[in-house]
file structure.cif (mmCIF, C-alpha atoms and all ligand atoms)
data_model
loop_
_atom_site.label_atom_id
_atom_site.label_comp_id
_atom_site.auth_asym_id
_atom_site.auth_seq_id
_atom_site.Cartn_x
_atom_site.Cartn_y
_atom_site.Cartn_z
CA MET A 13 -149.57 -49.04 -41.46
CA ILE A 14 -151.16 -48.15 -38.12
CA PRO A 15 -154.24 -46.08 -39.02
CA LEU A 16 -155.24 -42.86 -37.27
CA ALA A 17 -158.60 -44.22 -36.16
CA ARG A 18 -160.60 -47.44 -36.25
CA PRO A 19 -164.21 -47.77 -34.99
CA VAL A 20 -165.28 -50.67 -32.73
CA LEU A 21 -168.39 -52.26 -34.24
CA GLY A 22 -169.60 -55.79 -33.62
CA ALA A 23 -172.46 -58.24 -33.48
CA ALA A 24 -174.67 -55.90 -31.42
CA GLU A 25 -174.51 -53.15 -34.06
CA GLU A 26 -175.07 -55.70 -36.88
CA GLU A 27 -178.13 -57.15 -35.14
CA ALA A 28 -179.49 -53.67 -34.37
CA VAL A 29 -179.26 -52.66 -38.05
CA LEU A 30 -180.85 -55.91 -39.22
CA GLU A 31 -183.77 -55.38 -36.84
CA VAL A 32 -184.44 -51.95 -38.34
CA LEU A 33 -184.22 -53.34 -41.87
CA ARG A 34 -186.66 -56.12 -40.99
CA SER A 35 -189.04 -53.64 -39.33
CA GLY A 36 -189.39 -51.67 -42.55
CA GLN A 37 -189.31 -48.34 -40.67
CA LEU A 38 -186.00 -46.85 -41.71
CA SER A 39 -186.65 -43.23 -40.74
CA LEU A 40 -188.86 -41.21 -38.36
CA GLY A 41 -189.37 -44.40 -36.36
CA PRO A 42 -189.05 -45.45 -32.71
CA ARG A 43 -185.24 -45.69 -32.58
CA VAL A 44 -184.90 -41.91 -32.84
CA PRO A 45 -186.64 -41.02 -29.54
CA ALA A 46 -185.16 -44.15 -27.92
CA PHE A 47 -181.62 -43.01 -28.78
CA GLU A 48 -182.39 -39.43 -27.69
CA THR A 49 -183.80 -40.54 -24.33
CA ALA A 50 -180.91 -42.91 -23.61
CA PHE A 51 -178.31 -40.30 -24.61
CA ALA A 52 -179.92 -37.57 -22.47
CA ALA A 53 -180.14 -39.96 -19.49
CA ARG A 54 -176.48 -40.85 -19.86
CA LEU A 55 -175.54 -37.16 -19.61
CA GLY A 56 -178.09 -36.34 -16.92
CA VAL A 57 -179.83 -33.71 -19.05
CA SER A 58 -183.53 -33.39 -19.77
CA HIS A 59 -183.57 -33.32 -23.59
CA ALA A 60 -181.62 -34.45 -26.64
CA SER A 61 -182.29 -34.14 -30.37
CA ALA A 62 -180.72 -36.54 -32.86
CA VAL A 63 -179.43 -34.85 -36.01
CA SER A 64 -177.62 -35.83 -39.19
CA SER A 65 -174.21 -34.51 -38.08
CA GLY A 66 -172.43 -32.49 -35.42
CA THR A 67 -172.36 -29.58 -37.86
CA ALA A 68 -176.14 -29.75 -38.35
CA GLY A 69 -176.50 -29.81 -34.56
CA LEU A 70 -174.38 -26.67 -34.16
CA HIS A 71 -176.41 -24.92 -36.85
CA LEU A 72 -179.78 -25.75 -35.26
CA ALA A 73 -178.52 -24.89 -31.76
CA LEU A 74 -177.26 -21.46 -32.91
CA ARG A 75 -180.63 -20.75 -34.54
CA ALA A 76 -182.44 -21.92 -31.41
CA VAL A 77 -180.59 -19.47 -29.15
CA GLY A 78 -181.41 -16.66 -31.56
CA VAL A 79 -178.15 -16.08 -33.45
CA GLY A 80 -178.96 -14.30 -36.72
CA GLU A 81 -177.78 -11.93 -39.42
CA GLY A 82 -175.39 -9.23 -38.24
CA ASN A 83 -174.73 -10.86 -34.86
CA GLU A 84 -171.29 -11.85 -33.63
CA VAL A 85 -170.43 -15.12 -31.92
CA VAL A 86 -167.19 -15.38 -29.95
CA THR A 87 -165.45 -18.70 -30.59
CA SER A 88 -162.13 -20.55 -30.73
CA PRO A 89 -159.88 -20.43 -33.80
CA PHE A 90 -158.38 -23.78 -32.73
CA SER A 91 -161.13 -26.13 -33.81
CA PHE A 92 -162.44 -28.16 -36.71
CA VAL A 93 -163.76 -25.64 -39.24
CA ALA A 94 -167.41 -26.66 -38.72
CA SER A 95 -167.73 -24.70 -35.45
CA ALA A 96 -167.02 -21.42 -37.23
CA ASN A 97 -168.84 -22.35 -40.45
CA ALA A 98 -172.09 -23.02 -38.54
CA ILE A 99 -172.05 -19.37 -37.40
CA LEU A 100 -171.65 -18.21 -41.00
CA TYR A 101 -174.67 -20.29 -42.09
CA GLU A 102 -176.80 -17.76 -40.19
CA ARG A 103 -174.94 -14.76 -41.69
CA ALA A 104 -173.50 -14.04 -38.28
CA ARG A 105 -169.79 -13.41 -37.78
CA PRO A 106 -167.41 -15.74 -35.96
CA VAL A 107 -165.21 -13.53 -33.77
CA PHE A 108 -162.17 -15.50 -32.72
CA ALA A 109 -160.40 -15.17 -29.38
CA ASP A 110 -157.12 -16.85 -28.47
CA ILE A 111 -156.82 -20.14 -26.60
CA ASP A 112 -155.34 -21.23 -23.31
CA ALA A 113 -151.84 -22.68 -23.91
CA VAL A 114 -152.44 -25.66 -21.58
CA THR A 115 -155.99 -26.83 -22.32
CA LEU A 116 -156.03 -25.44 -25.91
CA ASN A 117 -159.61 -24.26 -25.26
CA LEU A 118 -161.05 -20.75 -25.63
CA ASP A 119 -159.37 -18.47 -23.05
CA PRO A 120 -162.22 -16.87 -21.03
CA GLN A 121 -160.31 -13.59 -20.63
CA ALA A 122 -159.67 -13.35 -24.36
CA ALA A 123 -163.34 -14.22 -24.98
CA GLU A 124 -164.46 -11.45 -22.65
CA ALA A 125 -162.25 -8.93 -24.45
CA ALA A 126 -163.85 -9.91 -27.79
CA ILE A 127 -167.42 -9.19 -26.63
CA ASN A 128 -169.23 -6.05 -27.82
CA ASN A 129 -172.84 -4.98 -28.27
CA ARG A 130 -173.23 -7.13 -31.42
CA THR A 131 -172.19 -10.33 -29.60
CA SER A 132 -175.18 -12.63 -29.30
CA ALA A 133 -173.56 -15.88 -28.11
CA ILE A 134 -170.35 -17.66 -27.16
CA LEU A 135 -169.42 -20.94 -28.85
CA PRO A 136 -166.73 -22.76 -26.85
CA VAL A 137 -165.24 -25.97 -28.26
CA HIS A 138 -164.16 -28.79 -25.94
CA ILE A 139 -161.15 -29.45 -28.08
CA PHE A 140 -159.62 -32.94 -28.11
CA GLY A 141 -162.20 -33.87 -25.45
CA TYR A 142 -160.84 -31.57 -22.74
CA PRO A 143 -163.64 -29.57 -21.04
CA ALA A 144 -163.63 -25.84 -21.79
CA ASP A 145 -163.86 -23.53 -18.77
CA LEU A 146 -167.65 -23.21 -18.83
CA PRO A 147 -168.09 -21.61 -15.39
CA ALA A 148 -165.84 -18.69 -16.45
CA LEU A 149 -167.67 -18.34 -19.78
CA GLU A 150 -171.08 -18.59 -18.09
CA ALA A 151 -170.07 -15.63 -15.90
CA LEU A 152 -169.97 -13.49 -19.09
CA GLY A 153 -173.77 -13.65 -19.18
CA LEU A 154 -174.40 -14.53 -22.84
CA PRO A 155 -176.16 -17.53 -24.41
CA ILE A 156 -173.74 -20.41 -24.91
CA VAL A 157 -173.73 -23.11 -27.58
CA GLU A 158 -171.18 -25.82 -26.84
CA ASP A 159 -169.25 -27.69 -29.50
CA ALA A 160 -168.95 -31.02 -27.70
CA CYS A 161 -168.35 -32.97 -30.92
CA GLU A 162 -165.03 -34.31 -29.59
CA ALA A 163 -165.96 -34.55 -25.92
CA LEU A 164 -168.33 -37.42 -25.17
CA GLY A 165 -167.34 -38.85 -21.77
CA ALA A 166 -165.68 -35.64 -20.51
CA ARG A 167 -166.58 -34.11 -17.16
CA HIS A 168 -166.28 -30.57 -15.82
CA ALA A 169 -164.41 -29.77 -12.60
CA ASP A 170 -167.75 -29.43 -10.78
CA GLY A 171 -168.64 -33.01 -11.73
CA VAL A 172 -171.19 -32.16 -14.46
CA PRO A 173 -170.70 -34.19 -17.66
CA VAL A 174 -169.83 -32.13 -20.74
CA GLY A 175 -173.16 -31.57 -22.45
CA GLY A 176 -175.04 -31.76 -19.15
CA ARG A 177 -175.04 -28.08 -18.13
CA GLY A 178 -178.24 -27.24 -19.97
CA HIS A 179 -176.78 -25.10 -22.78
CA PRO A 180 -177.35 -26.66 -26.17
CA ALA A 181 -174.28 -28.89 -26.72
CA ALA A 182 -173.62 -30.57 -30.07
CA PHE A 183 -171.99 -34.01 -30.25
CA GLY A 184 -170.71 -35.67 -33.43
CA PHE A 185 -170.85 -39.34 -34.36
CA TYR A 186 -168.49 -39.54 -37.35
CA ALA A 187 -166.55 -42.80 -37.51
CA ASN A 188 -163.53 -41.55 -35.53
CA LYS A 189 -165.61 -40.36 -32.56
CA GLN A 190 -166.02 -41.99 -29.11
CA LEU A 191 -169.45 -43.20 -30.28
CA THR A 192 -170.20 -43.56 -33.97
CA THR A 193 -173.24 -43.92 -36.19
CA GLY A 194 -171.17 -43.49 -39.38
CA GLU A 195 -172.38 -39.92 -39.71
CA GLY A 196 -174.65 -38.29 -37.18
CA GLY A 197 -174.95 -36.06 -34.15
CA MET A 198 -176.96 -35.17 -31.07
CA VAL A 199 -177.73 -31.89 -29.34
CA THR A 200 -178.40 -32.02 -25.61
CA THR A 201 -180.29 -29.19 -23.93
CA GLY A 202 -182.03 -28.39 -20.67
CA SER A 203 -184.71 -26.40 -22.49
CA GLN A 204 -187.94 -27.86 -23.83
CA ALA A 205 -188.37 -24.82 -26.13
CA ILE A 206 -184.92 -25.32 -27.68
CA LYS A 207 -185.61 -29.02 -28.17
CA GLU A 208 -188.91 -28.19 -29.92
CA SER A 209 -187.23 -25.63 -32.17
CA MET A 210 -184.48 -28.07 -33.18
CA ASP A 211 -186.88 -30.99 -33.70
CA SER A 212 -189.02 -28.90 -36.00
CA GLU A 213 -186.16 -27.35 -37.97
CA ARG A 214 -184.33 -30.66 -38.49
CA ASN A 215 -187.54 -31.87 -40.13
CA GLN A 216 -188.25 -29.11 -42.68
CA GLY A 217 -189.99 -26.86 -40.14
CA ARG A 218 -192.81 -29.17 -39.22
CA ALA A 219 -194.30 -28.98 -35.70
CA PRO A 220 -194.98 -32.34 -33.99
CA ASP A 221 -198.77 -31.88 -34.27
CA MET A 222 -198.65 -31.00 -37.98
CA GLY A 223 -199.47 -33.16 -40.96
CA TRP A 224 -197.01 -34.61 -43.47
CA LEU A 225 -196.64 -31.61 -45.79
CA ASP A 226 -197.47 -28.84 -43.36
CA HIS A 227 -194.63 -26.48 -42.39
CA ASP A 228 -194.85 -23.31 -40.34
CA ARG A 229 -191.24 -22.15 -40.47
CA LEU A 230 -188.02 -22.55 -42.43
CA GLY A 231 -186.44 -25.93 -41.83
CA PHE A 232 -183.82 -28.32 -43.12
CA ASN A 233 -183.41 -32.03 -43.58
CA TYR A 234 -181.07 -32.68 -40.67
CA ARG A 235 -182.78 -35.91 -39.55
CA LEU A 236 -180.89 -38.96 -38.32
CA SER A 237 -182.22 -42.27 -39.67
CA ASP A 238 -183.50 -45.15 -37.54
CA ILE A 239 -180.63 -47.24 -38.91
CA ALA A 240 -178.13 -44.74 -37.52
CA CYS A 241 -180.01 -44.43 -34.21
CA ALA A 242 -180.03 -48.22 -33.82
CA ILE A 243 -176.23 -48.26 -34.24
CA GLY A 244 -176.05 -45.38 -31.76
CA LEU A 245 -178.07 -47.29 -29.16
CA ALA A 246 -175.78 -50.33 -29.49
CA GLN A 247 -172.72 -48.06 -29.20
CA LEU A 248 -174.19 -46.34 -26.15
CA ASP A 249 -174.57 -49.75 -24.48
CA ARG A 250 -170.83 -50.28 -24.79
CA LEU A 251 -169.77 -46.66 -24.26
CA ASP A 252 -168.07 -47.32 -20.92
CA GLU A 253 -165.94 -50.01 -22.51
CA LEU A 254 -165.13 -47.76 -25.51
CA LEU A 255 -164.12 -44.85 -23.26
CA ALA A 256 -162.08 -47.14 -21.01
CA GLY A 257 -160.24 -48.46 -24.09
CA ARG A 258 -159.33 -44.93 -25.15
CA ALA A 259 -158.23 -44.01 -21.63
CA ARG A 260 -156.01 -47.12 -21.52
CA VAL A 261 -154.33 -46.20 -24.81
CA ALA A 262 -153.89 -42.61 -23.59
CA ARG A 263 -152.11 -43.87 -20.45
CA ALA A 264 -149.87 -46.13 -22.53
CA TYR A 265 -148.96 -43.22 -24.82
CA ARG A 266 -148.18 -40.94 -21.88
CA GLU A 267 -145.86 -43.53 -20.37
CA ALA A 268 -144.16 -44.28 -23.68
CA LEU A 269 -143.70 -40.65 -24.76
CA THR A 270 -142.85 -38.99 -21.43
CA PRO A 271 -139.08 -39.54 -21.99
CA LEU A 272 -139.37 -37.63 -25.30
CA ALA A 273 -141.28 -34.88 -23.49
CA LEU A 274 -138.55 -34.60 -20.84
CA GLU A 275 -135.51 -34.95 -23.11
CA ARG A 276 -136.56 -33.63 -26.52
CA GLY A 277 -139.25 -31.04 -25.90
CA LEU A 278 -142.16 -33.02 -27.33
CA GLU A 279 -145.36 -31.56 -25.83
CA LEU A 280 -148.04 -34.05 -24.74
CA PRO A 281 -151.78 -33.40 -24.20
CA CYS A 282 -152.36 -31.77 -20.81
CA GLU A 283 -153.20 -34.09 -17.96
CA ASP A 284 -156.54 -33.76 -16.20
CA HIS A 285 -156.30 -31.01 -13.61
CA GLY A 286 -158.52 -29.12 -11.17
CA GLY A 287 -161.04 -31.96 -11.13
CA ALA A 288 -161.87 -31.84 -14.87
CA GLU A 289 -161.75 -35.10 -16.85
CA ARG A 290 -160.99 -35.46 -20.55
CA GLY A 291 -163.15 -37.71 -22.73
CA TRP A 292 -160.31 -39.13 -24.82
CA PHE A 293 -160.81 -38.53 -28.55
CA VAL A 294 -157.40 -38.10 -30.18
CA TRP A 295 -153.77 -38.22 -29.13
CA VAL A 296 -152.27 -34.97 -30.37
CA VAL A 297 -148.70 -33.92 -29.64
CA GLN A 298 -146.87 -30.70 -30.42
CA LEU A 299 -143.51 -31.21 -32.08
CA PRO A 300 -140.41 -29.36 -30.86
CA ARG A 301 -140.02 -26.08 -32.84
CA GLU A 302 -136.87 -27.22 -34.68
CA ILE A 303 -138.66 -30.14 -36.36
CA VAL A 304 -140.26 -29.57 -39.78
CA ARG A 305 -143.74 -31.05 -39.42
CA ASP A 306 -144.22 -32.14 -43.04
CA ASP A 307 -140.91 -34.01 -42.94
CA ALA A 308 -141.92 -35.63 -39.65
CA ILE A 309 -145.22 -36.83 -41.13
CA LEU A 310 -143.44 -38.34 -44.14
CA ALA A 311 -140.83 -40.01 -41.93
CA LEU A 312 -143.56 -41.46 -39.68
CA ARG A 313 -145.33 -42.81 -42.75
CA GLU A 314 -142.13 -44.58 -43.84
CA LEU A 315 -141.99 -46.13 -40.37
CA GLY A 316 -145.56 -47.45 -40.74
CA VAL A 317 -147.33 -44.78 -38.68
CA GLN A 318 -150.15 -42.62 -40.02
CA SER A 319 -150.33 -39.04 -38.67
CA LYS A 320 -151.75 -35.71 -39.76
CA PRO A 321 -151.49 -32.00 -38.96
CA TYR A 322 -154.30 -31.46 -36.48
CA LEU A 323 -155.68 -28.86 -36.23
CA PRO A 324 -154.90 -25.95 -38.57
CA ALA A 325 -155.93 -22.49 -37.25
CA ILE A 326 -159.32 -21.60 -38.74
CA HIS A 327 -158.61 -17.88 -39.14
CA LEU A 328 -155.59 -18.66 -41.35
CA MET A 329 -157.54 -20.87 -43.78
CA SER A 330 -157.77 -19.21 -47.20
CA PHE A 331 -161.55 -18.76 -47.08
CA TYR A 332 -161.41 -17.04 -43.67
CA ARG A 333 -158.40 -14.91 -44.65
CA GLU A 334 -160.12 -13.72 -47.81
CA ARG A 335 -163.52 -13.15 -46.25
CA PHE A 336 -162.38 -11.46 -43.03
CA GLY A 337 -158.83 -10.27 -43.73
CA HIS A 338 -157.28 -12.41 -41.01
CA ARG A 339 -153.48 -12.58 -40.89
CA GLU A 340 -150.67 -14.26 -38.96
CA GLY A 341 -150.02 -12.94 -35.49
CA GLU A 342 -153.62 -12.29 -34.46
CA PHE A 343 -153.91 -15.29 -32.13
CA PRO A 344 -150.33 -16.21 -31.25
CA VAL A 345 -151.05 -19.10 -28.87
CA CYS A 346 -153.38 -20.80 -31.35
CA GLU A 347 -150.97 -20.24 -34.25
CA ASP A 348 -147.99 -21.67 -32.40
CA VAL A 349 -149.92 -24.77 -31.33
CA ALA A 350 -151.57 -25.25 -34.74
CA ALA A 351 -148.20 -25.08 -36.53
CA ARG A 352 -146.67 -27.87 -34.42
CA SER A 353 -149.54 -30.28 -33.71
CA ILE A 354 -149.85 -33.75 -35.14
CA ALA A 355 -152.44 -36.42 -34.40
CA LEU A 356 -151.03 -39.91 -33.89
CA PRO A 357 -152.98 -43.20 -34.28
CA PHE A 358 -155.55 -43.49 -31.49
CA PHE A 359 -158.46 -45.91 -31.12
CA PRO A 360 -159.90 -48.06 -28.31
CA GLU A 361 -158.49 -51.39 -29.51
CA MET A 362 -154.97 -50.12 -30.15
CA THR A 363 -152.52 -52.62 -28.67
CA GLU A 364 -149.57 -51.89 -26.38
CA ALA A 365 -147.33 -53.15 -29.21
CA GLU A 366 -148.83 -50.59 -31.62
CA VAL A 367 -148.32 -47.80 -29.07
CA ALA A 368 -144.71 -48.97 -28.62
CA LEU A 369 -144.18 -48.91 -32.39
CA VAL A 370 -145.50 -45.34 -32.62
CA ALA A 371 -143.29 -44.32 -29.67
CA GLU A 372 -140.23 -45.84 -31.36
CA ALA A 373 -141.05 -43.98 -34.56
CA MET A 374 -141.45 -40.74 -32.59
CA GLU A 375 -138.08 -41.34 -30.97
CA LYS A 376 -136.45 -41.71 -34.40
CA ILE A 377 -138.01 -38.58 -35.85
CA THR A 378 -137.13 -36.43 -32.83
CA GLU A 379 -133.45 -37.49 -32.87
CA LEU A 380 -131.42 -34.36 -33.42
C1 LIG B 401 -164.66 -29.81 -32.90
C2 LIG B 401 -165.60 -30.32 -33.95
N1 LIG B 401 -166.66 -29.59 -34.30
C3 LIG B 401 -167.54 -29.98 -35.22
C4 LIG B 401 -167.39 -31.19 -35.88
C5 LIG B 401 -168.37 -31.54 -36.94
O1 LIG B 401 -168.99 -32.77 -36.75
P1 LIG B 401 -169.60 -33.56 -38.02
O2 LIG B 401 -168.44 -34.05 -38.83
O3 LIG B 401 -170.38 -34.66 -37.38
O4 LIG B 401 -170.45 -32.61 -38.76
C6 LIG B 401 -166.29 -32.00 -35.57
C7 LIG B 401 -166.11 -33.28 -36.25
O5 LIG B 401 -165.10 -33.72 -36.66
C8 LIG B 401 -165.37 -31.56 -34.59
O6 LIG B 401 -164.28 -32.29 -34.29
#
call {"tool": "encode", "arguments": {"input": "structure.cif", "output": "structure tokens"}}
result
Amino acid sequence: MIPLARPVLGAAEEEAVLEVLRSGQLSLGPRVPAFETAFAARLGVSHASAVSSGTAGLHLALRAVGVGEGNEVVTSPFSFVASANAILYERARPVFADIDAVTLNLDPQAAEAAINNRTSAILPVHIFGYPADLPALEALGLPIVEDACEALGARHADGVPVGGRGHPAAFGFYANKQLTTGEGGMVTTGSQAIKESMDSERNQGRAPDMGWLDHDRLGFNYRLSDIACAIGLAQLDRLDELLAGRARVARAYREALTPLALERGLELPCEDHGGAERGWFVWVVQLPREIVRDDAILALRELGVQSKPYLPAIHLMSFYRERFGHREGEFPVCEDVAARSIALPFFPEMTEAEVALVAEAMEKITEL
């Protein structure tokens, strides 16, 4: 069975972990600032804060820009549920706006229409690693928190790396991500004050000059361990190679599946356009409307190919329906895409033969 994802970890990561174990300093040690500094430098941004997950990063970033009870945050319904949940953690309300049919990112016009006097921030998601239209969202004049969990290595049309614009941008390091620490995350920011707020709140609300059990505000335990940061540093050293591997597999998929796009209506991820560059994270296709997705997933499994529906629309999840009364038809572009999307196996070391096998399986399941 070809799996959906497989991390690339080797001798460098093993050695890095062993060094931390031998040092005896497993947490709150030197690897944390070292990883933060290296990550920020890579993205050309002044600050970065390592956190225990992408979700934790989104939560701290929303708090740092002042999102609180009774506020609204405009965001995409086509995302992993964490981007909307993080807004709810602060008793604010996620207000969804429909997506662009090509990039699958928050549509700036729809976002603008969703803004009112309770809106305190916009939370765009760079979905599947394709950069959201930040310049258009910046023009709306509200604080922005970026969900860059899927977008390490992406670049905006103006050449700025995703996460390098200065807004707090949360990255995730779960095992399927471009860079992994097992679990973990990082928030980049151009603001010293936001960095200080996040560093304190990830560590139970302790300021850097305070003693061990001294806390001057509400905080959390959202720290990332030195073991995880050491893995992150080793992964960062080989990030170019990891991203190049993903880009190679993406090219192979495009070549292999283009005939099915032309002849059978399979929709492929959009190509880079207007100068923007995707940081490849997943290979997600939209099935032709006449194909029943659950049947397709089962048939692919029988042919040795793992796949999954990716992503379901957040507003149609039972919790969001019950809490906010959402219903079908509210965000038609998102709903159409979400109903037809499947993620296919995608990882840096995937071979041409594995891509060919997936393409053959896709050909069989799209035969009419
Ligand atoms: C778009 C998006 N947002 C948020 C997250 C949450 O990241 P984490 O699992 O590290 O908390 C993910 C991770 O899968 C994601 O894909």
call {"tool": "atom_distance", "arguments": {"input": "structure.cif", "atom1": "atom CA of A:Gly171", "atom2": "atom CA of A:Arg250"}}
result
21.8 Å
call {"tool": "atom_distance", "arguments": {"input": "structure.cif", "atom1": "atom CA of A:Ala62", "atom2": "atom CA of A:Pro45"}}
result
8.1 Å
call {"tool": "closest_atom_pairs", "arguments": {"input": "structure.cif", "of": "chain A", "to": "ligand LIG 401 (chain B)", "cutoff": "7 Å", "atoms": "all atoms listed in the file", "output": "CSV"}}
result
residue,atom,partner,partner_atom,distance
A:Ser65,CA,B:LIG401,O3,3.9
A:Gly66,CA,B:LIG401,O3,3.6
A:Thr67,CA,B:LIG401,O4,3.7
A:Ala68,CA,B:LIG401,O4,6.4
A:Ser91,CA,B:LIG401,C1,5.2
A:Phe92,CA,B:LIG401,C1,4.7
A:Val93,CA,B:LIG401,N1,7.0
A:Ala94,CA,B:LIG401,C3,4.8
A:Ser95,CA,B:LIG401,N1,5.1
A:Val137,CA,B:LIG401,C1,6.1
A:Ile139,CA,B:LIG401,C1,6.0
A:Asp159,CA,B:LIG401,N1,5.8
A:Ala160,CA,B:LIG401,C1,6.8
A:Cys161,CA,B:LIG401,C2,4.9
A:Glu162,CA,B:LIG401,O6,5.2
A:Gly184,CA,B:LIG401,O3,4.1
A:Phe185,CA,B:LIG401,O3,5.6
A:Tyr186,CA,B:LIG401,O3,5.2
A:Glu195,CA,B:LIG401,O3,6.1
A:Gly196,CA,B:LIG401,O3,5.6
A:Gly197,CA,B:LIG401,O3,5.8
call {"tool": "closest_residue", "arguments": {"input": "structure.cif", "among": "A:Leu149, A:Met374, A:Leu272, A:Ala113", "to": "A:Val345", "atoms": "only C-alpha atoms"}}
result
A:Ala113
call {"tool": "residues_around", "arguments": {"input": "structure.cif", "residues": "A:Gln216", "least_positions_apart": "6", "cutoff": "8 Å", "atoms": "all atoms listed in the file", "output": "list in words"}}
result
His227, Arg229, Leu230, Gly231, Phe232 and Asn233 of chain A
call {"tool": "closest_residue", "arguments": {"input": "structure.cif", "among": "A:Arg266, A:His327, A:Arg305, A:Arg105", "to": "A:Thr131", "atoms": "only C-alpha atoms"}}
result
A:Arg105
call {"tool": "atom_distance", "arguments": {"input": "structure.cif", "atom1": "atom CA of A:Ser88", "atom2": "atom CA of A:Ala205"}}
result
27.0 Å
call {"tool": "residues_around", "arguments": {"input": "structure.cif", "residues": "A:Ser58", "least_positions_apart": "4", "cutoff": "10 Å", "atoms": "all atoms listed in the file", "output": "short mmCIF file (atom, residue, chain, number, x, y, z; two decimals) with C-alpha atoms, keeping the file's coordinate frame"}}
result
data_model
loop_
_atom_site.label_atom_id
_atom_site.label_comp_id
_atom_site.auth_asym_id
_atom_site.auth_seq_id
_atom_site.Cartn_x
_atom_site.Cartn_y
_atom_site.Cartn_z
CA THR A 49 -183.80 -40.54 -24.33
CA PHE A 51 -178.31 -40.30 -24.61
CA ALA A 52 -179.92 -37.57 -22.47
CA ALA A 53 -180.14 -39.96 -19.49
CA GLY A 176 -175.04 -31.76 -19.15
CA GLY A 178 -178.24 -27.24 -19.97
CA THR A 200 -178.40 -32.02 -25.61
CA THR A 201 -180.29 -29.19 -23.93
CA GLY A 202 -182.03 -28.39 -20.67
CA SER A 203 -184.71 -26.40 -22.49
CA GLN A 204 -187.94 -27.86 -23.83
CA LYS A 207 -185.61 -29.02 -28.17
#
call {"tool": "closest_residue", "arguments": {"input": "structure.cif", "among": "A:Glu372, A:Glu26, A:Asp112, A:Asp119", "to": "A:Ala268", "atoms": "only C-alpha atoms"}}
result
A:Glu372
call {"tool": "residues_around", "arguments": {"input": "structure.cif", "residues": "A:Ala288", "least_positions_apart": "2", "cutoff": "9 Å", "atoms": "only C-alpha atoms", "output": "count of residues only"}}
result
12
call {"tool": "residues_around", "arguments": {"input": "structure.cif", "residues": "A:Gly291", "least_positions_apart": "2", "cutoff": "6 Å", "atoms": "all atoms listed in the file", "output": "number ranges by chain"}}
result
A: 141, 163-166
call {"tool": "closest_residue", "arguments": {"input": "structure.cif", "among": "A:Leu152, A:Leu254, A:Leu72, A:Leu116", "to": "A:Asp348", "atoms": "all atoms listed in the file"}}
result
A:Leu116
call {"tool": "residues_near_point", "arguments": {"input": "structure.cif", "point": "(-172.5, -48.4, -19.2)", "cutoff": "12 Å", "atoms": "only C-alpha atoms", "output": "PyMOL selection string"}}
result
chain A and resi 50-51+53-55+165+245-256
call {"tool": "write_last_selection", "arguments": {"input": "structure.cif", "atoms": "C-alpha atoms", "output": "PDB file, in the coordinates of the input"}}
result
ATOM      1  CA  ALA A  50    -180.910 -42.910 -23.610  1.00  0.00           C
ATOM      2  CA  PHE A  51    -178.310 -40.300 -24.610  1.00  0.00           C
ATOM      3  CA  ALA A  53    -180.140 -39.960 -19.490  1.00  0.00           C
ATOM      4  CA  ARG A  54    -176.480 -40.850 -19.860  1.00  0.00           C
ATOM      5  CA  LEU A  55    -175.540 -37.160 -19.610  1.00  0.00           C
ATOM      6  CA  GLY A 165    -167.340 -38.850 -21.770  1.00  0.00           C
ATOM      7  CA  LEU A 245    -178.070 -47.290 -29.160  1.00  0.00           C
ATOM      8  CA  ALA A 246    -175.780 -50.330 -29.490  1.00  0.00           C
ATOM      9  CA  GLN A 247    -172.720 -48.060 -29.200  1.00  0.00           C
ATOM     10  CA  LEU A 248    -174.190 -46.340 -26.150  1.00  0.00           C
ATOM     11  CA  ASP A 249    -174.570 -49.750 -24.480  1.00  0.00           C
ATOM     12  CA  ARG A 250    -170.830 -50.280 -24.790  1.00  0.00           C
ATOM     13  CA  LEU A 251    -169.770 -46.660 -24.260  1.00  0.00           C
ATOM     14  CA  ASP A 252    -168.070 -47.320 -20.920  1.00  0.00           C
ATOM     15  CA  GLU A 253    -165.940 -50.010 -22.510  1.00  0.00           C
ATOM     16  CA  LEU A 254    -165.130 -47.760 -25.510  1.00  0.00           C
ATOM     17  CA  LEU A 255    -164.120 -44.850 -23.260  1.00  0.00           C
ATOM     18  CA  ALA A 256    -162.080 -47.140 -21.010  1.00  0.00           C
TER      19      ALA A 256
END
call {"tool": "residues_around", "arguments": {"input": "structure.cif", "residues": "A:Gly316", "least_positions_apart": "2", "cutoff": "7 Å", "atoms": "only C-alpha atoms", "output": "NGL selection string"}}
result
:A and (13-14 or 312-314 or 318)
